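Colleague: Input target-v2.cif, format and content: mmCIF, C-alpha atoms.
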data_coords
#
loop_
_atom_site.label_atom_id
_atom_site.label_comp_id
_atom_site.auth_asym_id
_atom_site.auth_seq_id
_atom_site.Cartn_x
_atom_site.Cartn_y
_atom_site.Cartn_z
CA MET A 1 49.33 -118.77 20.85
CA LEU A 2 46.90 -121.62 20.29
CA ARG A 3 43.28 -121.19 19.25
CA ARG A 4 40.89 -124.10 19.45
CA THR A 5 37.41 -124.83 18.13
CA PHE A 6 35.18 -127.90 18.18
CA LEU A 7 34.22 -130.12 15.25
CA HIS A 8 30.73 -131.44 14.54
CA SER A 9 30.24 -135.17 14.82
CA ALA A 10 27.94 -135.51 11.78
CA ALA A 11 29.25 -137.60 8.90
CA GLY A 12 31.29 -135.60 6.40
CA LEU A 13 30.65 -132.24 8.10
CA THR A 14 33.75 -130.04 8.30
CA GLY A 15 32.17 -126.88 9.74
CA LEU A 16 32.69 -125.54 13.23
CA ALA A 17 30.42 -125.70 16.25
CA ALA A 18 30.43 -123.97 19.63
CA ALA A 19 30.67 -127.26 21.46
CA ALA A 20 31.27 -130.91 20.78
CA THR A 21 28.19 -132.95 20.07
CA PRO A 22 27.37 -135.07 23.14
CA ALA A 23 27.98 -138.78 22.80
CA TRP A 24 26.50 -141.49 24.97
CA ALA A 25 29.59 -143.60 24.55
CA LEU A 26 30.33 -147.04 25.89
CA VAL A 27 34.01 -146.16 26.22
CA GLU A 28 35.07 -144.79 29.59
CA ILE A 29 37.72 -145.37 32.23
CA ASN A 30 36.93 -145.22 35.94
CA ILE A 31 40.25 -144.11 37.39
CA ASN A 32 38.96 -144.19 40.96
CA LYS A 33 38.73 -147.96 41.21
CA GLY A 34 42.42 -148.74 41.72
CA ASN A 35 44.40 -150.80 39.27
CA VAL A 36 42.88 -150.04 35.86
CA GLU A 37 43.18 -152.30 32.81
CA PRO A 38 44.55 -150.06 30.00
CA LEU A 39 42.00 -149.20 27.30
CA PRO A 40 42.97 -150.32 23.77
CA ILE A 41 43.00 -147.21 21.57
CA ALA A 42 44.04 -146.80 17.94
CA VAL A 43 45.81 -143.53 17.12
CA THR A 44 46.06 -143.25 13.34
CA ASP A 45 48.60 -141.10 11.53
CA PHE A 46 47.04 -137.71 10.88
CA VAL A 47 46.57 -136.97 7.19
CA SER A 48 49.24 -134.48 6.11
CA GLY A 49 51.48 -133.56 3.22
CA GLY A 50 54.58 -134.93 4.94
CA ASP A 51 55.66 -136.72 8.08
CA LEU A 52 54.31 -134.15 10.56
CA GLY A 53 51.00 -135.99 10.95
CA ALA A 54 52.80 -139.17 12.03
CA LYS A 55 55.08 -137.23 14.39
CA ILE A 56 52.08 -135.63 16.11
CA THR A 57 50.28 -138.95 16.53
CA ASP A 58 53.44 -140.58 17.91
CA VAL A 59 53.51 -137.95 20.68
CA ILE A 60 49.78 -138.42 21.37
CA ALA A 61 50.14 -142.20 21.62
CA ALA A 62 53.21 -141.92 23.84
CA ASP A 63 51.40 -139.54 26.23
CA LEU A 64 48.40 -141.83 26.51
CA LYS A 65 50.52 -144.95 26.99
CA ARG A 66 52.67 -143.28 29.65
CA SER A 67 49.56 -142.51 31.70
CA GLY A 68 49.06 -146.25 32.22
CA LEU A 69 45.37 -145.92 31.31
CA PHE A 70 45.65 -146.53 27.58
CA ALA A 71 47.20 -149.25 25.42
CA PRO A 72 47.80 -147.89 21.89
CA VAL A 73 47.20 -150.57 19.28
CA ASP A 74 50.17 -151.41 17.02
CA LYS A 75 49.79 -149.55 13.72
CA GLN A 76 50.75 -152.71 11.87
CA ALA A 77 47.42 -154.20 12.95
CA PHE A 78 45.32 -151.45 11.35
CA ILE A 79 42.99 -152.68 8.58
CA GLU A 80 41.51 -149.39 7.41
CA LYS A 81 43.76 -146.59 6.17
CA ILE A 82 42.18 -143.26 7.07
CA SER A 83 42.31 -140.90 4.08
CA ASN A 84 39.39 -138.59 4.96
CA PRO A 85 39.12 -137.96 8.74
CA ASP A 86 35.85 -136.06 8.21
CA GLN A 87 34.08 -139.31 7.29
CA PRO A 88 33.10 -141.91 9.90
CA PRO A 89 35.54 -144.83 9.94
CA ARG A 90 34.60 -148.41 9.12
CA PHE A 91 33.86 -149.32 12.72
CA GLU A 92 33.89 -153.07 12.15
CA ASP A 93 37.53 -152.89 10.98
CA TRP A 94 38.49 -151.38 14.33
CA LYS A 95 36.38 -153.72 16.43
CA VAL A 96 38.14 -156.70 14.86
CA ILE A 97 41.49 -155.51 16.27
CA ASN A 98 39.84 -154.64 19.63
CA ALA A 99 40.40 -150.90 19.31
CA GLN A 100 37.72 -149.63 21.67
CA ALA A 101 38.50 -146.01 20.85
CA LEU A 102 39.89 -144.49 17.66
CA VAL A 103 41.67 -141.19 16.97
CA THR A 104 41.78 -139.71 13.46
CA GLY A 105 42.95 -136.32 12.29
CA ARG A 106 44.51 -133.97 9.76
CA VAL A 107 47.36 -131.44 9.72
CA THR A 108 47.46 -128.64 7.13
CA GLN A 109 49.39 -125.44 6.53
CA GLU A 110 47.21 -122.33 6.29
CA GLY A 111 47.86 -119.54 3.80
CA ASP A 112 49.20 -117.29 6.56
CA GLY A 113 51.76 -119.91 7.59
CA ARG A 114 49.89 -121.17 10.63
CA LEU A 115 49.44 -124.84 11.37
CA ARG A 116 45.92 -126.24 11.50
CA ALA A 117 45.61 -129.52 13.41
CA GLU A 118 42.29 -131.27 13.89
CA PHE A 119 41.28 -134.55 15.46
CA ARG A 120 38.23 -136.70 16.10
CA LEU A 121 37.79 -139.28 18.83
CA TRP A 122 35.48 -142.17 17.95
CA ASP A 123 33.80 -144.81 20.09
CA THR A 124 34.04 -147.88 17.86
CA PHE A 125 31.50 -149.91 19.86
CA ALA A 126 28.87 -147.16 19.93
CA ASN A 127 29.65 -146.29 16.27
CA GLN A 128 29.82 -142.57 16.95
CA GLN A 129 32.12 -139.63 17.51
CA MET A 130 32.87 -138.67 21.09
CA THR A 131 34.54 -135.32 20.49
CA GLY A 132 36.40 -133.34 17.86
CA GLN A 133 38.49 -130.20 17.94
CA GLN A 134 40.82 -128.18 15.77
CA PHE A 135 43.71 -125.89 16.63
CA TYR A 136 45.55 -123.05 14.91
CA THR A 137 49.10 -122.27 15.92
CA GLN A 138 52.62 -121.66 14.66
CA PRO A 139 54.38 -124.71 13.16
CA GLU A 140 57.02 -124.81 15.90
CA ASN A 141 54.28 -125.56 18.43
CA TRP A 142 53.39 -128.93 16.90
CA ARG A 143 54.50 -130.92 19.95
CA ARG A 144 52.35 -128.78 22.21
CA VAL A 145 49.35 -129.34 19.95
CA ALA A 146 49.94 -133.08 20.31
CA HIS A 147 49.98 -132.78 24.11
CA ILE A 148 46.75 -130.74 24.09
CA ILE A 149 45.02 -133.32 21.91
CA ALA A 150 46.19 -136.08 24.28
CA ASP A 151 44.74 -134.06 27.17
CA ALA A 152 41.41 -133.73 25.37
CA ILE A 153 41.27 -137.50 24.76
CA TYR A 154 42.24 -138.25 28.37
CA GLU A 155 39.55 -135.90 29.72
CA ARG A 156 36.80 -137.14 27.41
CA ILE A 157 37.35 -140.79 28.34
CA THR A 158 38.24 -140.49 32.05
CA GLY A 159 36.22 -137.42 33.03
CA GLU A 160 39.38 -135.96 34.62
CA LYS A 161 41.63 -133.15 33.37
CA GLY A 162 44.76 -134.30 31.59
CA TYR A 163 48.31 -133.27 32.45
CA PHE A 164 50.28 -133.63 29.22
CA ASP A 165 50.42 -129.93 28.23
CA THR A 166 52.74 -129.11 31.11
CA ARG A 167 56.40 -128.53 31.86
CA VAL A 168 58.74 -129.67 34.61
CA VAL A 169 61.55 -127.62 36.10
CA TYR A 170 64.35 -129.59 37.74
CA VAL A 171 67.99 -129.55 38.79
CA ALA A 172 70.20 -130.88 35.99
CA GLU A 173 73.36 -132.46 37.38
CA SER A 174 76.59 -133.20 35.53
CA GLY A 175 80.22 -133.97 36.26
CA PRO A 176 81.92 -136.22 38.83
CA LYS A 177 80.29 -136.74 42.22
CA ASN A 178 82.96 -134.75 44.07
CA ALA A 179 82.62 -131.79 41.68
CA ARG A 180 78.99 -131.98 40.58
CA LYS A 181 77.61 -129.03 38.61
CA ARG A 182 73.95 -128.22 39.23
CA GLN A 183 71.87 -126.01 36.97
CA LEU A 184 68.19 -125.26 36.73
CA ALA A 185 66.60 -126.77 33.63
CA ILE A 186 63.11 -127.05 32.18
CA MET A 187 61.49 -129.59 29.86
CA ASP A 188 58.12 -130.78 28.63
CA GLN A 189 56.59 -133.38 30.96
CA ASP A 190 57.74 -136.14 28.59
CA GLY A 191 61.38 -135.00 28.67
CA ALA A 192 61.37 -133.19 25.30
CA ASN A 193 62.48 -129.59 24.66
CA ALA A 194 64.88 -129.53 27.61
CA ARG A 195 66.90 -126.35 28.11
CA ALA A 196 69.04 -124.80 30.84
CA LEU A 197 67.68 -121.87 32.85
CA THR A 198 70.87 -121.00 34.74
CA ASN A 199 74.52 -121.20 33.76
CA SER A 200 76.69 -120.81 36.81
CA ASN A 201 78.76 -123.06 39.03
CA GLU A 202 76.79 -122.11 42.13
CA ILE A 203 74.53 -124.66 43.81
CA VAL A 204 70.83 -124.32 42.98
CA LEU A 205 68.08 -126.11 44.89
CA THR A 206 64.31 -126.53 45.25
CA PRO A 207 62.80 -124.94 42.10
CA ARG A 208 59.05 -124.44 42.43
CA PHE A 209 56.42 -123.15 39.99
CA SER A 210 54.07 -120.27 40.58
CA PRO A 211 50.46 -121.53 40.45
CA ASN A 212 49.28 -118.80 38.09
CA ARG A 213 52.29 -117.44 36.20
CA GLN A 214 55.21 -118.81 34.20
CA GLU A 215 57.53 -118.02 37.06
CA ILE A 216 59.58 -120.11 39.45
CA THR A 217 61.16 -119.60 42.82
CA TYR A 218 64.37 -121.37 43.81
CA MET A 219 67.37 -121.28 46.13
CA SER A 220 70.88 -120.41 45.06
CA PHE A 221 74.19 -120.15 46.89
CA GLU A 222 75.51 -117.62 44.41
CA GLY A 223 78.21 -115.53 46.07
CA GLN A 224 78.35 -118.03 48.94
CA GLN A 225 75.16 -116.49 50.31
CA PRO A 226 71.86 -118.42 50.32
CA ARG A 227 69.24 -116.40 48.51
CA VAL A 228 65.74 -117.02 47.25
CA TYR A 229 65.19 -115.93 43.64
CA LEU A 230 62.23 -115.40 41.33
CA LEU A 231 62.81 -116.26 37.68
CA GLN A 232 60.49 -115.28 34.81
CA LEU A 233 60.61 -118.21 32.40
CA GLU A 234 59.59 -116.34 29.25
CA THR A 235 61.92 -113.36 29.67
CA GLY A 236 64.72 -114.85 31.77
CA GLN A 237 64.43 -111.90 34.15
CA ARG A 238 65.60 -112.77 37.65
CA GLU A 239 65.21 -110.97 40.95
CA VAL A 240 66.21 -111.65 44.54
CA VAL A 241 63.28 -112.19 46.88
CA GLY A 242 65.49 -111.51 49.86
CA ASN A 243 68.89 -111.98 51.46
CA PHE A 244 68.45 -113.94 54.65
CA PRO A 245 71.01 -114.56 57.39
CA GLY A 246 71.73 -118.23 57.91
CA MET A 247 70.28 -120.99 55.78
CA THR A 248 67.12 -120.81 53.69
CA PHE A 249 65.18 -123.91 52.72
CA ALA A 250 62.45 -124.99 50.33
CA PRO A 251 60.73 -121.81 49.09
CA ARG A 252 57.26 -122.47 47.68
CA PHE A 253 54.43 -120.23 46.39
CA SER A 254 51.08 -119.74 48.05
CA PRO A 255 48.09 -120.82 45.89
CA ASP A 256 47.36 -117.22 44.87
CA GLY A 257 51.01 -116.62 43.92
CA GLN A 258 51.24 -113.57 46.17
CA ARG A 259 53.45 -115.07 48.87
CA VAL A 260 56.40 -117.38 49.25
CA ILE A 261 56.64 -119.74 52.20
CA MET A 262 60.01 -121.07 53.34
CA SER A 263 62.14 -122.16 56.27
CA LEU A 264 64.80 -119.83 57.72
CA GLN A 265 67.52 -120.99 60.07
CA GLN A 266 68.38 -118.59 62.85
CA ASP A 267 70.19 -119.24 66.15
CA GLY A 268 70.47 -122.93 65.35
CA ASN A 269 66.74 -123.41 64.80
CA ALA A 270 64.77 -123.51 61.56
CA ASN A 271 61.25 -122.11 61.47
CA ILE A 272 58.54 -121.47 58.88
CA TYR A 273 58.10 -117.96 57.48
CA THR A 274 55.99 -116.40 54.75
CA MET A 275 57.00 -113.41 52.66
CA ASP A 276 54.57 -111.10 50.89
CA LEU A 277 56.00 -110.65 47.39
CA ARG A 278 54.59 -107.14 47.05
CA SER A 279 55.71 -105.62 50.34
CA ARG A 280 58.60 -108.09 50.98
CA THR A 281 57.56 -108.31 54.63
CA THR A 282 58.06 -111.63 56.44
CA THR A 283 55.77 -113.28 58.98
CA ARG A 284 56.95 -116.06 61.28
CA LEU A 285 54.54 -119.01 61.60
CA THR A 286 56.39 -121.49 63.85
CA SER A 287 58.58 -120.91 66.86
CA THR A 288 60.25 -124.04 68.20
CA ALA A 289 63.70 -125.22 69.23
CA ALA A 290 63.47 -127.78 66.42
CA ILE A 291 63.91 -127.89 62.65
CA ASP A 292 60.65 -126.96 60.91
CA THR A 293 60.96 -127.03 57.12
CA GLY A 294 59.42 -128.24 53.84
CA PRO A 295 56.17 -126.22 54.01
CA SER A 296 53.43 -126.67 51.39
CA TYR A 297 50.03 -124.95 51.20
CA SER A 298 46.71 -126.72 50.71
CA PRO A 299 45.17 -125.71 47.34
CA ASP A 300 42.69 -123.35 49.02
CA GLY A 301 45.48 -121.68 51.03
CA SER A 302 43.82 -122.34 54.39
CA GLN A 303 46.34 -124.90 55.71
CA ILE A 304 50.04 -125.73 55.55
CA VAL A 305 51.76 -129.10 55.85
CA PHE A 306 55.40 -129.18 56.94
CA GLU A 307 58.01 -131.47 58.46
CA SER A 308 59.50 -131.09 61.92
CA ASP A 309 61.78 -133.06 64.23
CA ARG A 310 60.23 -131.52 67.35
CA GLY A 311 59.15 -135.00 68.43
CA GLY A 312 62.65 -136.48 68.09
CA ARG A 313 62.61 -137.36 64.39
CA GLN A 314 61.13 -135.90 61.23
CA GLN A 315 57.36 -136.16 61.10
CA LEU A 316 54.59 -134.37 59.22
CA TYR A 317 52.47 -131.65 60.79
CA VAL A 318 49.52 -129.58 59.57
CA MET A 319 48.65 -126.07 60.75
CA SER A 320 46.36 -123.24 59.75
CA ALA A 321 47.78 -120.67 57.33
CA ASP A 322 48.37 -118.24 60.22
CA GLY A 323 50.45 -120.81 62.15
CA SER A 324 47.78 -121.81 64.63
CA GLY A 325 46.56 -125.33 65.38
CA GLN A 326 49.77 -127.26 64.72
CA ASN A 327 49.00 -130.99 64.75
CA ARG A 328 51.11 -134.03 63.93
CA ILE A 329 49.60 -136.28 61.24
CA SER A 330 52.27 -138.98 60.57
CA PHE A 331 52.69 -141.84 63.05
CA GLY A 332 54.20 -144.72 61.06
CA ASP A 333 57.60 -146.29 61.54
CA GLY A 334 60.53 -144.24 60.28
CA SER A 335 60.78 -140.55 59.42
CA TYR A 336 58.75 -138.42 56.99
CA SER A 337 59.87 -135.49 54.85
CA THR A 338 59.27 -133.37 51.69
CA PRO A 339 55.46 -133.15 52.07
CA VAL A 340 53.48 -131.61 49.23
CA TRP A 341 49.72 -131.10 49.07
CA SER A 342 47.82 -132.50 46.09
CA PRO A 343 46.22 -129.93 43.73
CA ARG A 344 42.93 -131.76 44.42
CA GLY A 345 43.33 -131.21 48.17
CA ASP A 346 42.59 -134.84 49.01
CA LEU A 347 46.10 -136.18 49.63
CA ILE A 348 49.57 -135.22 50.83
CA ALA A 349 52.58 -136.86 49.16
CA PHE A 350 55.76 -137.46 51.15
CA THR A 351 59.12 -139.18 51.34
CA LYS A 352 59.44 -141.84 54.05
CA GLN A 353 62.71 -143.27 55.32
CA SER A 354 62.48 -146.60 57.11
CA GLY A 355 64.61 -149.73 57.28
CA GLY A 356 67.40 -148.17 55.25
CA LYS A 357 65.11 -147.49 52.27
CA PHE A 358 63.30 -144.44 50.93
CA SER A 359 59.65 -144.60 49.86
CA ILE A 360 57.26 -142.24 48.11
CA GLY A 361 53.77 -142.37 49.58
CA VAL A 362 50.53 -140.50 50.12
CA MET A 363 48.17 -139.95 53.04
CA LYS A 364 45.00 -137.99 53.69
CA PRO A 365 45.40 -134.53 55.27
CA ASP A 366 44.36 -135.93 58.66
CA GLY A 367 47.09 -138.60 58.44
CA SER A 368 44.78 -141.52 57.69
CA GLY A 369 44.97 -143.83 54.69
CA GLU A 370 48.75 -143.90 54.33
CA ARG A 371 49.84 -145.79 51.19
CA ILE A 372 53.35 -146.43 49.92
CA LEU A 373 53.55 -146.17 46.12
CA THR A 374 57.19 -147.09 45.52
CA THR A 375 60.30 -147.98 47.54
CA GLY A 376 63.95 -147.87 46.54
CA PHE A 377 67.52 -147.25 47.61
CA HIS A 378 66.98 -143.49 47.62
CA ASN A 379 63.71 -141.94 46.46
CA GLU A 380 62.90 -138.33 47.28
CA GLY A 381 61.14 -135.10 46.37
CA PRO A 382 57.63 -135.90 45.05
CA THR A 383 55.80 -133.32 42.94
CA TRP A 384 52.20 -133.52 41.70
CA ALA A 385 50.88 -133.35 38.15
CA PRO A 386 48.22 -130.60 38.00
CA ASN A 387 45.38 -133.14 37.91
CA GLY A 388 46.52 -134.73 41.19
CA ARG A 389 46.70 -138.24 39.68
CA VAL A 390 50.43 -138.66 38.97
CA LEU A 391 53.61 -137.93 40.91
CA MET A 392 57.15 -137.30 39.71
CA PHE A 393 60.17 -137.81 41.98
CA PHE A 394 63.88 -138.48 41.75
CA ARG A 395 65.72 -141.68 42.53
CA GLN A 396 69.38 -142.44 43.13
CA PRO A 397 69.69 -146.17 42.35
CA ALA A 398 72.25 -148.11 44.37
CA GLY A 399 75.67 -147.97 42.72
CA SER A 400 74.58 -145.45 40.08
CA GLY A 401 76.44 -142.32 39.12
CA GLY A 402 73.60 -139.93 39.83
CA PRO A 403 69.86 -139.37 40.29
CA GLN A 404 67.15 -139.81 37.65
CA LEU A 405 63.52 -138.71 37.39
CA TYR A 406 60.60 -141.12 37.60
CA SER A 407 56.82 -140.84 37.50
CA ILE A 408 54.22 -143.00 39.19
CA ASP A 409 50.43 -142.85 39.35
CA LEU A 410 48.29 -143.18 42.46
CA THR A 411 47.73 -146.88 41.92
CA GLY A 412 51.46 -147.50 42.36
CA TYR A 413 51.41 -149.87 39.35
CA ASN A 414 52.54 -147.49 36.62
CA GLU A 415 56.11 -146.39 37.38
CA GLN A 416 58.27 -145.08 34.54
CA GLN A 417 61.59 -143.32 34.13
CA VAL A 418 61.47 -139.84 32.62
CA GLN A 419 64.34 -139.60 30.16
CA THR A 420 66.76 -136.70 30.63
CA ALA A 421 70.09 -135.99 28.93
CA GLY A 422 72.01 -136.31 32.20
CA TYR A 423 71.43 -136.73 35.90
CA ALA A 424 68.35 -134.96 37.26
CA SER A 425 66.82 -134.26 40.66
CA ASP A 426 64.29 -132.15 42.53
CA PRO A 427 61.50 -131.92 39.89
CA ALA A 428 58.60 -129.49 40.12
CA TRP A 429 55.55 -129.85 37.88
CA SER A 430 53.93 -126.80 36.29
CA PRO A 431 50.20 -126.05 36.13
CA LEU A 432 48.54 -126.68 32.77
CA LEU A 433 49.87 -124.19 30.22
CA GLU A 434 47.56 -121.50 28.87
#
Give the structure from this file in structure tokens form.
Modeller:
Amino acid sequence: MLRRTFLHSAAGLTGLAAAATPAWALVEININKGNVEPLPIAVTDFVSGGDLGAKITDVIAADLKRSGLFAPVDKQAFIEKISNPDQPPRFEDWKVINAQALVTGRVTQEGDGRLRAEFRLWDTFANQQMTGQQFYTQPENWRRVAHIIADAIYERITGEKGYFDTRVVYVAESGPKNARKRQLAIMDQDGANARALTNSNEIVLTPRFSPNRQEITYMSFEGQQPRVYLLQLETGQREVVGNFPGMTFAPRFSPDGQRVIMSLQQDGNANIYTMDLRSRTTTRLTSTAAIDTGPSYSPDGSQIVFESDRGGRQQLYVMSADGSGQNRISFGDGSYSTPVWSPRGDLIAFTKQSGGKFSIGVMKPDGSGERILTTGFHNEGPTWAPNGRVLMFFRQPAGSGGPQLYSIDLTGYNEQQVQTAGYASDPAWSPLLE
């Protein structure tokens, strides 16, 4: 467990306060204006008795750089060596190297064995501290502390919640293409701490996080029968949601975590159903002679977006949570699939196939404002970071042996590969950890 407190901004003061001292800083990033020039930021090695301080700051800097909003300054350019992070830095030394923001900190071992990590964020042009916090945790949680500090820096400068203290569940693929093994795996959002969640030769598909618990739902063909499972991540306990005749597709939680929505194929048609996880009763929401699949709730639970070929090819539709008011929202060239509603409620991400290529894009819930973020040989399966500013998806490059994970922000300018040990597909981003 992590416990956090705030640090005063007064010079040399090491006591604790109930809240960070407000700062009328010059440093800020407006992430709503499109392509943003990355902010130069200096992340100094935290003072420590070993190399842990440097390891923590390396993770912080990597998180910030990967967001596309920050440009960490090369440590070789630093003039001042921070030896006492409680004292204000020599601001002129940081202005000279154009570090508009500065991060300092300390890592110590408490008498009870816990790790104490503290940081301060400084505005070098306003000559003042912007925020400061400290955390107590077990030493093995040092990477998570680094992600939380990166989140705090991101939020203080952008005004938006960060997304670094999160995990991603995905399908890890290995072996030759004609005998591919697929297992569920989980990792930190930066690819670290990866571990397998399942260990069978059965096909697993479409893992999805619960919005309020460390729990996932996924599909498995274990025993040659398609089933939807719930898996508790902390305990490894697994249970079958239900055994359904025919095929089952794309299970996903409702925003309150009390229901699972999915597509069931019966009599040659696929329709959208919800299941109450307490009573295990199902309710049918669509009834067409088409294939309706890929449902995703709006964050307030009042609407559902899904894909359907009822018009001749796959398009996106929105309906009320009870199945009423079904309206088509996609009208561009090509076909649309894998829709997923942003946690902010303002956009729907999708996969678009047109002209022999696959694109990841976004549109407003009424279908307006369609924007393509990236196009490739085979892109698919977008999933949102919890702040609704970044997407992860998987790509199968032409001529490659298997799929890989990538992230891209809403500007479309900051696309990066997420490193995994092997092939990886079908990612699903967790909420912020607690």
Colleague: Applying 7 Å and all atoms listed in the file, which residues near stretch 292-308 of chain A remain after dropping the ones on its own chain fewer than 3 positions away? List them as a ChimeraX atom specification.
Modeller: /A:249-250,252,254-255,261-263,270-272,314-321,337-341,343,345
Colleague: Can you spell out as a list in words the set of residues that the PyMOL selection byres ((chain A and resi 236) around 12) selects in the structure I just provided?
Modeller: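 After applying the PyMOL selection byres ((chain A and resi 236) around 12), what remains is Ala196, Leu197, Thr198, Asn199, Gln214, Glu215, Ile216, Tyr229, Leu230, Leu231, Gln232, Leu233, Glu234, Thr235, Gln237, Arg238 and Glu239 of chain A.
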Colleague: Where does the PyMOL selection byres ((chain A and resi 102) around 10) land in this file, that is, which residues does it pick, as a list in words?
Modeller: Pro40, Ile41, Ala42, Val43, Thr44, Pro72, Val73, Pro89, Phe91, Trp94, Lys95, Ala99, Gln100, Ala101, Val103, Thr104, Arg120, Leu121, Trp122, Asp123, Thr124, Gln129 and Met130 of chain A
Colleague: Of the candidates A:Gln189, A:Asn269, A:Gln225, A:Ser342, which shows the shortest atom-to-atom distance to A:Ile203, using all atoms listed in the file?
Modeller: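 So, comparing all the options, the nearest one is A:Gln225.
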Colleague: Pull the neighbourhood of (60.2, -141.3, 55.9) for me: all residues within 9 Å in file coordinates, counting all atoms listed in the file, as an MDAnalysis selection string.
Modeller: chainID A and resid 314:315 332:337 350:354 357:360
Colleague: In the coordinate frame of the file, compute which residues have an atom within 12 Å of (67.4, -132.9, 30.6) when using only C-alpha atoms, and state them as a tab-separated table (two decimals) with C-alpha atoms, in the coordinates of the input.
Modeller:
chain	number	residue	atom	x	y	z
A	167	ARG	CA	56.40	-128.53	31.86
A	168	VAL	CA	58.74	-129.67	34.61
A	169	VAL	CA	61.55	-127.62	36.10
A	170	TYR	CA	64.35	-129.59	37.74
A	171	VAL	CA	67.99	-129.55	38.79
A	172	ALA	CA	70.20	-130.88	35.99
A	173	GLU	CA	73.36	-132.46	37.38
A	174	SER	CA	76.59	-133.20	35.53
A	182	ARG	CA	73.95	-128.22	39.23
A	183	GLN	CA	71.87	-126.01	36.97
A	184	LEU	CA	68.19	-125.26	36.73
A	185	ALA	CA	66.60	-126.77	33.63
A	186	ILE	CA	63.11	-127.05	32.18
A	187	MET	CA	61.49	-129.59	29.86
A	188	ASP	CA	58.12	-130.78	28.63
A	189	GLN	CA	56.59	-133.38	30.96
A	190	ASP	CA	57.74	-136.14	28.59
A	191	GLY	CA	61.38	-135.00	28.67
A	192	ALA	CA	61.37	-133.19	25.30
A	193	ASN	CA	62.48	-129.59	24.66
A	194	ALA	CA	64.88	-129.53	27.61
A	195	ARG	CA	66.90	-126.35	28.11
A	196	ALA	CA	69.04	-124.80	30.84
A	197	LEU	CA	67.68	-121.87	32.85
A	403	PRO	CA	69.86	-139.37	40.29
A	404	GLN	CA	67.15	-139.81	37.65
A	405	LEU	CA	63.52	-138.71	37.39
A	418	VAL	CA	61.47	-139.84	32.62
A	419	GLN	CA	64.34	-139.60	30.16
A	420	THR	CA	66.76	-136.70	30.63
A	421	ALA	CA	70.09	-135.99	28.93
A	422	GLY	CA	72.01	-136.31	32.20
A	423	TYR	CA	71.43	-136.73	35.90
A	424	ALA	CA	68.35	-134.96	37.26
A	425	SER	CA	66.82	-134.26	40.66
A	427	PRO	CA	61.50	-131.92	39.89
Colleague: Mind pulling up the distance from atom CA of A:Tyr136 to atom CA of A:Arg116?
Modeller: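 Spanning atom CA of A:Arg116 to atom CA of A:Tyr136 is a straight-line distance of 4.7 Å.
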Colleague: Could you tell me how far atom CA of A:Phe394 sits from atom CA of A:His378, in Å to one decimal place?
Modeller: 8.3 Å
Colleague: Take atom CA of A:Ala117 and atom CA of A:Lys65 and report the distance between them in Å, one decimal.
Modeller: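 Going from atom CA of A:Ala117 over to atom CA of A:Lys65 covers 21.1 Å.
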Colleague: Let me make sure I understand: among A:Pro251, A:Gly356, A:Gly257, A:Pro38, which one has the smallest atom-to-atom distance to A:Pro226 if we use only C-alpha atoms?
Modeller: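 Nearest candidate to A:Pro226 out of A:Pro251, A:Gly356, A:Gly257, A:Pro38: A:Pro251.
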Colleague: Using only C-alpha atoms, which residues sit within 10 Å of A:Glu160 once same-chain residues fewer than 4 positions away are excluded, as a list in words?
Modeller: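 Returned residues: Ile29, Asn30, Ile31, Asp151, Ala152, Tyr154, Glu155, Arg156, Asn387, Gly388 and Arg389 of chain A.
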Colleague: Create the file for the chosen residues now, containing C-alpha atoms and written as a PDB file, in the coordinates of the input.
Modeller:
ATOM      1  CA  ILE A  29      37.720-145.370  32.230  1.00  0.00           C
ATOM      2  CA  ASN A  30      36.930-145.220  35.940  1.00  0.00           C
ATOM      3  CA  ILE A  31      40.250-144.110  37.390  1.00  0.00           C
ATOM      4  CA  ASP A 151      44.740-134.060  27.170  1.00  0.00           C
ATOM      5  CA  ALA A 152      41.410-133.730  25.370  1.00  0.00           C
ATOM      6  CA  TYR A 154      42.240-138.250  28.370  1.00  0.00           C
ATOM      7  CA  GLU A 155      39.550-135.900  29.720  1.00  0.00           C
ATOM      8  CA  ARG A 156      36.800-137.140  27.410  1.00  0.00           C
ATOM      9  CA  ASN A 387      45.380-133.140  37.910  1.00  0.00           C
ATOM     10  CA  GLY A 388      46.520-134.730  41.190  1.00  0.00           C
ATOM     11  CA  ARG A 389      46.700-138.240  39.680  1.00  0.00           C
TER      12      ARG A 389
END
Colleague: Excluding A:Val96 and its own-chain neighbours fewer than 5 positions away, which residues fall within 10 Å of it when counting only C-alpha atoms? Please give them as a list of chain:residue names.
Modeller: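 Listing them by chain and then by number gives A:Ala77, A:Phe78, A:Ile79, A:Phe91.
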